[in-house]
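**Q** Got protein.txt for you, compact mmCIF, C-alpha atoms:
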# COMPACT_ATOMS: atom_id res chain seq x y z
CA MET A 6 -9.75 30.49 4.98
CA ILE A 7 -5.98 30.50 5.42
CA SER A 8 -5.40 32.85 2.50
CA ARG A 9 -7.61 35.42 4.23
CA LEU A 10 -5.79 35.10 7.52
CA LEU A 11 -2.37 35.51 5.94
CA GLN A 12 -2.65 38.61 3.79
CA ALA A 13 -0.71 38.46 0.55
CA PHE A 14 2.27 40.80 0.23
CA LYS A 15 2.18 41.86 3.87
CA ARG A 16 5.85 42.61 4.47
CA HIS A 17 7.55 40.97 7.42
CA PRO A 18 10.52 42.92 8.84
CA GLN A 19 12.65 39.77 8.67
CA ALA A 20 11.36 38.47 5.35
CA PRO A 21 14.09 36.99 3.11
CA ARG A 22 15.31 39.10 0.22
CA ALA A 23 13.93 37.93 -3.11
CA SER A 24 16.68 36.84 -5.49
CA THR A 25 16.64 34.11 -8.12
CA ASP A 26 20.38 34.50 -8.78
CA GLY A 27 19.50 36.06 -12.12
CA ARG A 28 17.47 33.07 -13.34
CA THR A 29 13.93 33.17 -14.71
CA ILE A 30 11.92 30.40 -13.07
CA TYR A 31 8.49 29.05 -13.94
CA ALA A 32 6.99 26.91 -11.17
CA VAL A 33 3.95 24.78 -12.06
CA GLY A 34 1.38 23.69 -9.49
CA ASP A 35 -0.22 20.28 -8.93
CA ILE A 36 -1.35 18.82 -12.29
CA HIS A 37 -3.14 15.63 -11.16
CA GLY A 38 -3.55 14.05 -14.57
CA ARG A 39 -4.88 17.18 -16.30
CA LEU A 40 -2.78 17.02 -19.46
CA ASP A 41 -5.57 18.92 -21.17
CA ILE A 42 -4.65 21.97 -19.06
CA LEU A 43 -0.91 21.38 -18.79
CA ASP A 44 -0.34 21.65 -22.54
CA PRO A 45 -2.06 25.07 -22.87
CA LEU A 46 -0.17 26.28 -19.79
CA LEU A 47 3.14 25.22 -21.32
CA GLU A 48 2.25 27.14 -24.49
CA GLN A 49 1.60 30.24 -22.40
CA ILE A 50 4.94 29.80 -20.66
CA ARG A 51 6.70 29.46 -24.03
CA ALA A 52 4.99 32.62 -25.23
CA ASP A 53 6.12 34.44 -22.10
CA VAL A 54 9.71 33.32 -22.67
CA ALA A 55 9.56 34.45 -26.30
CA ALA A 56 8.11 37.85 -25.36
CA ASP A 57 10.77 38.54 -22.73
CA PRO A 58 13.73 36.18 -23.28
CA PRO A 59 15.90 35.60 -20.22
CA GLN A 60 19.67 35.79 -20.46
CA ASP A 61 20.06 32.17 -19.32
CA LYS A 62 17.98 29.10 -20.08
CA PRO A 63 14.64 29.41 -18.27
CA VAL A 64 13.97 27.03 -15.40
CA LEU A 65 10.79 24.96 -15.27
CA VAL A 66 9.98 23.52 -11.84
CA PHE A 67 7.14 21.06 -11.28
CA VAL A 68 6.17 20.87 -7.61
CA GLY A 69 4.79 17.32 -7.82
CA ASP A 70 1.46 15.49 -7.95
CA TYR A 71 1.53 14.66 -11.66
CA VAL A 72 -0.79 11.68 -11.18
CA ASP A 73 -4.18 10.66 -9.73
CA ARG A 74 -7.68 12.15 -9.93
CA GLY A 75 -7.46 13.46 -13.50
CA ALA A 76 -7.82 11.22 -16.54
CA PHE A 77 -4.37 11.59 -18.11
CA SER A 78 -1.74 10.68 -15.53
CA LYS A 79 0.26 8.62 -18.01
CA GLY A 80 0.22 11.45 -20.52
CA VAL A 81 1.37 13.99 -17.94
CA ILE A 82 4.40 11.88 -17.03
CA ASP A 83 5.15 11.38 -20.72
CA ARG A 84 5.07 15.15 -21.20
CA VAL A 85 7.37 15.93 -18.28
CA ILE A 86 9.85 13.24 -19.34
CA ALA A 87 9.90 14.74 -22.84
CA LEU A 88 10.54 18.20 -21.41
CA LYS A 89 13.44 16.88 -19.36
CA ALA A 90 14.94 15.30 -22.48
CA ASP A 91 14.61 18.53 -24.47
CA ASP A 92 16.95 21.52 -24.25
CA GLU A 93 14.20 24.14 -24.07
CA PHE A 94 14.13 24.46 -20.28
CA GLU A 95 16.18 23.47 -17.31
CA VAL A 96 13.58 21.11 -15.83
CA ARG A 97 13.36 20.22 -12.14
CA ALA A 98 10.72 17.61 -11.32
CA LEU A 99 9.84 17.34 -7.64
CA LYS A 100 8.15 14.49 -5.80
CA GLY A 101 4.62 14.84 -4.43
CA ASN A 102 2.70 12.66 -2.01
CA HIS A 103 0.75 11.15 -4.92
CA GLU A 104 3.99 9.95 -6.52
CA GLU A 105 4.83 8.38 -3.17
CA ALA A 106 1.41 6.69 -3.33
CA ILE A 107 1.83 5.09 -6.76
CA LEU A 108 5.28 3.83 -5.78
CA SER A 109 3.77 2.38 -2.60
CA PHE A 110 1.15 0.54 -4.64
CA LEU A 111 3.76 -0.83 -7.04
CA ASP A 112 5.64 -2.16 -4.01
CA ASP A 113 2.59 -3.42 -2.10
CA PRO A 114 -0.87 -4.04 -3.62
CA ASN A 115 -2.42 -3.85 -0.14
CA PHE A 116 -2.04 -0.09 -0.46
CA GLY A 117 -4.47 -0.14 -3.40
CA PRO A 118 -7.72 0.57 -1.52
CA THR A 119 -6.23 3.62 0.19
CA TRP A 120 -4.67 4.86 -3.04
CA SER A 121 -7.91 4.43 -4.98
CA GLU A 122 -9.76 6.68 -2.53
CA HIS A 123 -7.44 9.52 -3.48
CA GLY A 124 -7.51 9.22 -7.24
CA GLY A 125 -5.48 6.10 -7.86
CA ALA A 126 -8.26 4.42 -9.82
CA GLN A 127 -8.05 7.11 -12.50
CA THR A 128 -4.31 6.56 -12.74
CA LEU A 129 -4.80 2.82 -13.23
CA THR A 130 -7.28 3.56 -16.01
CA SER A 131 -4.80 5.85 -17.75
CA TYR A 132 -2.40 2.89 -17.97
CA GLY A 133 -5.11 0.57 -19.27
CA VAL A 134 -5.68 -1.23 -15.96
CA THR A 135 -9.13 -1.72 -14.43
CA ALA A 136 -9.37 -0.84 -10.75
CA PRO A 137 -11.14 -3.37 -8.50
CA ILE A 138 -14.68 -2.46 -7.56
CA LEU A 139 -14.56 -3.84 -4.04
CA ARG A 140 -12.25 -2.09 -1.58
CA MET A 141 -11.20 -5.24 0.26
CA ALA A 142 -10.87 -7.55 -2.77
CA THR A 143 -7.28 -8.48 -1.94
CA GLN A 144 -6.72 -10.78 -4.91
CA ASP A 145 -8.17 -8.21 -7.32
CA TRP A 146 -5.79 -5.54 -6.03
CA ALA A 147 -2.87 -7.92 -6.40
CA LYS A 148 -3.88 -8.55 -10.01
CA ALA A 149 -4.25 -4.81 -10.64
CA ARG A 150 -0.74 -4.23 -9.29
CA ASP A 151 0.64 -7.01 -11.49
CA ASP A 152 -1.20 -5.65 -14.52
CA LEU A 153 0.13 -2.17 -13.83
CA GLY A 154 3.63 -3.56 -13.47
CA GLU A 155 3.33 -5.13 -16.93
CA THR A 156 2.09 -1.97 -18.64
CA PHE A 157 4.07 0.58 -16.63
CA PRO A 158 6.94 1.92 -18.78
CA LYS A 159 10.41 1.58 -17.32
CA ALA A 160 10.98 5.24 -18.15
CA HIS A 161 8.05 6.15 -15.88
CA TYR A 162 9.36 4.00 -13.05
CA ASP A 163 12.81 5.59 -13.39
CA PHE A 164 11.21 9.03 -13.49
CA LEU A 165 9.33 8.43 -10.25
CA ARG A 166 12.36 6.99 -8.47
CA ARG A 167 14.53 9.97 -9.44
CA LEU A 168 12.17 12.76 -8.43
CA GLU A 169 13.75 15.43 -6.24
CA LEU A 170 12.42 16.53 -2.87
CA VAL A 171 13.46 20.18 -3.13
CA ALA A 172 15.03 22.61 -5.58
CA VAL A 173 16.73 25.84 -4.56
CA TYR A 174 17.44 28.91 -6.68
CA GLY A 175 18.74 31.95 -4.86
CA ASP A 176 16.36 32.83 -2.07
CA TYR A 177 13.55 30.56 -3.28
CA LEU A 178 13.02 26.95 -2.23
CA PHE A 179 10.63 24.77 -4.20
CA VAL A 180 8.94 21.82 -2.50
CA HIS A 181 5.70 19.91 -2.79
CA ALA A 182 3.95 20.51 0.54
CA GLY A 183 6.08 22.80 2.68
CA LEU A 184 8.55 22.90 5.54
CA ARG A 185 8.37 22.15 9.24
CA PRO A 186 8.68 25.48 11.11
CA GLY A 187 11.72 25.75 13.37
CA VAL A 188 13.61 22.94 11.63
CA PRO A 189 16.74 23.80 9.59
CA LEU A 190 16.49 23.04 5.90
CA GLN A 191 19.06 20.27 6.07
CA ASP A 192 17.09 18.54 8.85
CA GLN A 193 13.65 18.58 7.22
CA GLU A 194 12.03 15.13 6.96
CA GLU A 195 10.69 13.73 3.71
CA HIS A 196 7.24 13.11 5.20
CA ASP A 197 6.85 16.81 5.99
CA LEU A 198 8.16 17.88 2.59
CA LEU A 199 5.43 15.76 0.96
CA TRP A 200 2.55 16.01 3.42
CA ILE A 201 2.69 18.97 5.84
CA ARG A 202 -0.20 21.42 5.85
CA ASN A 203 -1.46 23.49 8.80
CA ASP A 204 1.78 23.88 10.76
CA PHE A 205 3.45 25.19 7.62
CA LEU A 206 0.56 27.24 6.25
CA THR A 207 -0.04 29.10 9.51
CA ALA A 208 3.66 29.85 10.18
CA GLN A 209 4.23 33.55 10.85
CA ARG A 210 8.01 33.68 10.85
CA PRO A 211 10.09 33.49 7.66
CA PHE A 212 11.88 30.32 6.73
CA GLU A 213 15.47 30.30 5.49
CA LYS A 214 14.08 30.66 1.96
CA ILE A 215 10.84 31.87 0.42
CA VAL A 216 8.92 28.61 -0.04
CA VAL A 217 7.12 27.89 -3.32
CA HIS A 218 4.76 24.94 -2.90
CA GLY A 219 1.64 23.08 -3.96
CA HIS A 220 -0.23 20.26 -2.13
CA THR A 221 -2.93 22.40 -0.48
CA PRO A 222 -5.44 23.64 -3.08
CA GLU A 223 -6.83 27.15 -2.76
CA GLU A 224 -9.27 29.05 -4.92
CA GLU A 225 -6.56 31.54 -5.81
CA ALA A 226 -2.79 31.34 -5.87
CA TYR A 227 -1.26 32.73 -2.69
CA LEU A 228 1.56 35.24 -3.11
CA GLY A 229 2.92 35.97 0.34
CA GLU A 230 6.23 37.16 1.73
CA ILE A 231 7.29 33.84 3.25
CA ARG A 232 5.49 31.39 0.96
CA ILE A 233 3.92 31.16 -2.50
CA GLY A 234 1.14 28.59 -2.95
CA ILE A 235 0.37 27.57 -6.54
CA ASP A 236 -2.05 24.63 -6.19
CA THR A 237 -5.39 25.87 -7.50
CA GLY A 238 -7.00 22.40 -7.53
CA ALA A 239 -6.68 21.81 -11.28
CA TYR A 240 -8.26 18.34 -11.13
CA ALA A 241 -11.52 19.83 -9.78
CA THR A 242 -11.49 23.51 -10.76
CA GLY A 243 -9.96 23.14 -14.20
CA LEU A 244 -7.50 25.93 -13.33
CA LEU A 245 -3.76 25.15 -13.48
CA THR A 246 -1.38 27.78 -12.15
CA ALA A 247 2.27 28.65 -12.67
CA VAL A 248 4.25 31.52 -11.23
CA ARG A 249 7.15 33.23 -12.98
CA LEU A 250 9.88 34.39 -10.65
CA ARG A 251 12.61 36.75 -11.77
CA GLU A 252 14.40 38.27 -8.81
CA ALA A 253 11.65 40.06 -6.81
CA ASP A 254 9.19 40.08 -9.72
CA ARG A 255 6.29 37.61 -9.56
CA LYS A 256 3.86 36.92 -12.37
CA LEU A 257 1.02 34.40 -12.44
CA ILE A 258 0.40 32.39 -15.61
CA GLN A 259 -2.78 30.29 -15.67
CA ALA A 260 -4.66 27.99 -18.02
CA ARG A 261 -8.26 26.91 -17.64
CA ALA A 262 -9.84 23.74 -19.03
CA LYS A 263 -12.28 24.05 -21.90
CA ARG A 264 -14.48 21.41 -20.33
CA PRO A 265 -14.91 19.96 -16.79
CA ALA A 266 -12.81 17.00 -15.61
Represent the structure contained in this file as structure tokens.
**A**
Amino acid sequence: MISRLLQAFKRHPQAPRASTDGRTIYAVGDIHGRLDILDPLLEQIRADVAADPPQDKPVLVFVGDYVDRGAFSKGVIDRVIALKADDEFEVRALKGNHEEAILSFLDDPNFGPTWSEHGGAQTLTSYGVTAPILRMATQDWAKARDDLGETFPKAHYDFLRRLELVAVYGDYLFVHAGLRPGVPLQDQEEHDLLWIRNDFLTAQRPFEKIVVHGHTPEEEAYLGEIRIGIDTGAYATGLLTAVRLREADRKLIQARAKRPA
């Protein structure tokens, strides 16, 4: 297991210094339609802010994958949009590969069968659309796309189109999947930012920033010197993870579902 090969907190002589430029940042891992866990996690984050108020407005970073697999994709997007509209946090919403997938389906119904294999059917259901039973039922997928287009709120479409690829605070970079080793930050490609796995996860040398990411689920959050992985597979495990970063201090905040997905 990768987390066993790369020992947490093992200091690299060239590891980047850990500064958040004085900000307190809460980064939330892949939600995948689990509104039932997101809401309790947000309450824990609010309690943490109240117990130790930062000098500046706290930052709330979502690393993507709001939709698919879980039952409440629509509700998750509603919640994040509401948070962005509120003044409680400085909210940064990043794009994940599953957001790329729903946009691809809205553009081309032929992508439906592939999307449904990775949780898209649950997303359709959350918007009141029935997913086709047969994988290659082309006309049925076209109808499902049209039905989704009719029920899909404009605010959700705008939200998806405006998602960011990365967010940077001090010496931390937040991204969905990771970075391509050996490539400068400004030259990273969107596909890698949304999809990369092994080449990033097995990298031994520090990147230009400490990378905080989701995308690859692990049984436990990974707190290393060059990367921090916070996808604990909420859609399957019922465990949603956030990490609080304040300069070099790291604190995990987690919520667990009361019942299975």
**Q** Using 8 Å as the limit and counting all atoms listed in the file, can you tabulate each residue of segment 232-253 of chain A that touches segment 41-51 of chain A, with its shortest atom-to-atom distance in Å and the two atoms involved, as CSV?
**A**
residue,atom,partner,partner_atom,distance
A:Gly243,CA,A:Ile42,CA,7.3
A:Leu244,CA,A:Ile42,CA,7.5
A:Leu245,CA,A:Ile42,CA,6.5
A:Thr246,CA,A:Leu46,CA,7.9
A:Ala247,CA,A:Leu46,CA,7.9
**Q** Choose the residue, out of A:Glu223, A:Arg167, A:Ala87, A:Arg97, that has the smallest atom-to-atom separation from Leu65 of chain A; count only C-alpha atoms.
**A**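 The closest residue to Leu65 of chain A is A:Arg97.
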**Q** Fewer than 5 positions away in the same chain doesn't count, so skip those; otherwise give me all residues within 10 Å of segment 100-110 of chain A, counting only C-alpha atoms, as a short mmCIF file (atom, residue, chain, number, x, y, z; two decimals) with C-alpha atoms, in the frame of the given file.
**A**
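Saved result, part-v9.cif, follows:
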data_model
loop_
_atom_site.label_atom_id
_atom_site.label_comp_id
_atom_site.auth_asym_id
_atom_site.auth_seq_id
_atom_site.Cartn_x
_atom_site.Cartn_y
_atom_site.Cartn_z
CA ASP A 35 -0.22 20.28 -8.93
CA HIS A 37 -3.14 15.63 -11.16
CA PHE A 67 7.14 21.06 -11.28
CA VAL A 68 6.17 20.87 -7.61
CA GLY A 69 4.79 17.32 -7.82
CA ASP A 70 1.46 15.49 -7.95
CA TYR A 71 1.53 14.66 -11.66
CA VAL A 72 -0.79 11.68 -11.18
CA ASP A 73 -4.18 10.66 -9.73
CA ARG A 74 -7.68 12.15 -9.93
CA ASN A 115 -2.42 -3.85 -0.14
CA PHE A 116 -2.04 -0.09 -0.46
CA GLY A 117 -4.47 -0.14 -3.40
CA PRO A 118 -7.72 0.57 -1.52
CA THR A 119 -6.23 3.62 0.19
CA TRP A 120 -4.67 4.86 -3.04
CA SER A 121 -7.91 4.43 -4.98
CA HIS A 123 -7.44 9.52 -3.48
CA GLY A 124 -7.51 9.22 -7.24
CA GLY A 125 -5.48 6.10 -7.86
CA THR A 128 -4.31 6.56 -12.74
CA LEU A 129 -4.80 2.82 -13.23
CA TRP A 146 -5.79 -5.54 -6.03
CA ALA A 147 -2.87 -7.92 -6.40
CA ALA A 149 -4.25 -4.81 -10.64
CA ARG A 150 -0.74 -4.23 -9.29
CA LEU A 153 0.13 -2.17 -13.83
CA TYR A 162 9.36 4.00 -13.05
CA PHE A 164 11.21 9.03 -13.49
CA LEU A 165 9.33 8.43 -10.25
CA ARG A 166 12.36 6.99 -8.47
CA ARG A 167 14.53 9.97 -9.44
CA LEU A 168 12.17 12.76 -8.43
CA GLU A 169 13.75 15.43 -6.24
CA LEU A 170 12.42 16.53 -2.87
CA VAL A 171 13.46 20.18 -3.13
CA VAL A 180 8.94 21.82 -2.50
CA HIS A 181 5.70 19.91 -2.79
CA ALA A 182 3.95 20.51 0.54
CA GLU A 195 10.69 13.73 3.71
CA HIS A 196 7.24 13.11 5.20
CA ASP A 197 6.85 16.81 5.99
CA LEU A 198 8.16 17.88 2.59
CA LEU A 199 5.43 15.76 0.96
CA TRP A 200 2.55 16.01 3.42
CA GLY A 219 1.64 23.08 -3.96
CA HIS A 220 -0.23 20.26 -2.13
#
**Q** Quick one: residues within 8 Å of segment 185-188 of chain A, only C-alpha atoms counted, chain neighbours fewer than 3 positions away excluded, as a list of chain:residue names?
**A**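 Here the answer would be A:Asp192, A:Gln193, A:Asp197, A:Leu198, A:Ile201, A:Asp204, A:Phe205, A:Ala208, A:Phe212.
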**Q** What does the structure give for the distance between atom CA of Gly27 of chain A and atom CA of Leu99 of chain A, in Å to one decimal?
**A**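 Result for atom CA of Gly27 of chain A versus atom CA of Leu99 of chain A: 21.5 Å, one decimal.
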**Q** Kindly extract all protein, DNA and RNA residues lying within 8 Å of the coordinates (7.5, 8.1, -15.0) given in the file, considering all atoms listed in the file, and supply them as a list in words.
**A**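 Residues found, by chain and rising number: Lys79, Ile82, Asp83, Ile86, Pro158, Lys159, Ala160, His161, Tyr162, Asp163, Phe164 and Leu165 of chain A.
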**Q** Can those selected residues be exported to a file as a PDB file, in the frame of the given file so that it contains C-alpha atoms?
**A**
ATOM      1  CA  LYS A  79       0.260   8.620 -18.010  1.00  0.00           C
ATOM      2  CA  ILE A  82       4.400  11.880 -17.030  1.00  0.00           C
ATOM      3  CA  ASP A  83       5.150  11.380 -20.720  1.00  0.00           C
ATOM      4  CA  ILE A  86       9.850  13.240 -19.340  1.00  0.00           C
ATOM      5  CA  PRO A 158       6.940   1.920 -18.780  1.00  0.00           C
ATOM      6  CA  LYS A 159      10.410   1.580 -17.320  1.00  0.00           C
ATOM      7  CA  ALA A 160      10.980   5.240 -18.150  1.00  0.00           C
ATOM      8  CA  HIS A 161       8.050   6.150 -15.880  1.00  0.00           C
ATOM      9  CA  TYR A 162       9.360   4.000 -13.050  1.00  0.00           C
ATOM     10  CA  ASP A 163      12.810   5.590 -13.390  1.00  0.00           C
ATOM     11  CA  PHE A 164      11.210   9.030 -13.490  1.00  0.00           C
ATOM     12  CA  LEU A 165       9.330   8.430 -10.250  1.00  0.00           C
TER      13      LEU A 165
END
**Q** Nearest residue to Pro114 of chain A out of A:Asp151, A:Glu224, A:Asp236, A:Glu95, using only C-alpha atoms?
**A**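 For Pro114 of chain A, the nearest of the candidates is A:Asp151.
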**Q** Considering all atoms listed in the file, can you say which of A:Thr143, A:Thr135, A:Ser78, A:Gln209 comes closest to Arg39 of chain A?
**A**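 Result for the nearest residue to Arg39 of chain A: A:Ser78.
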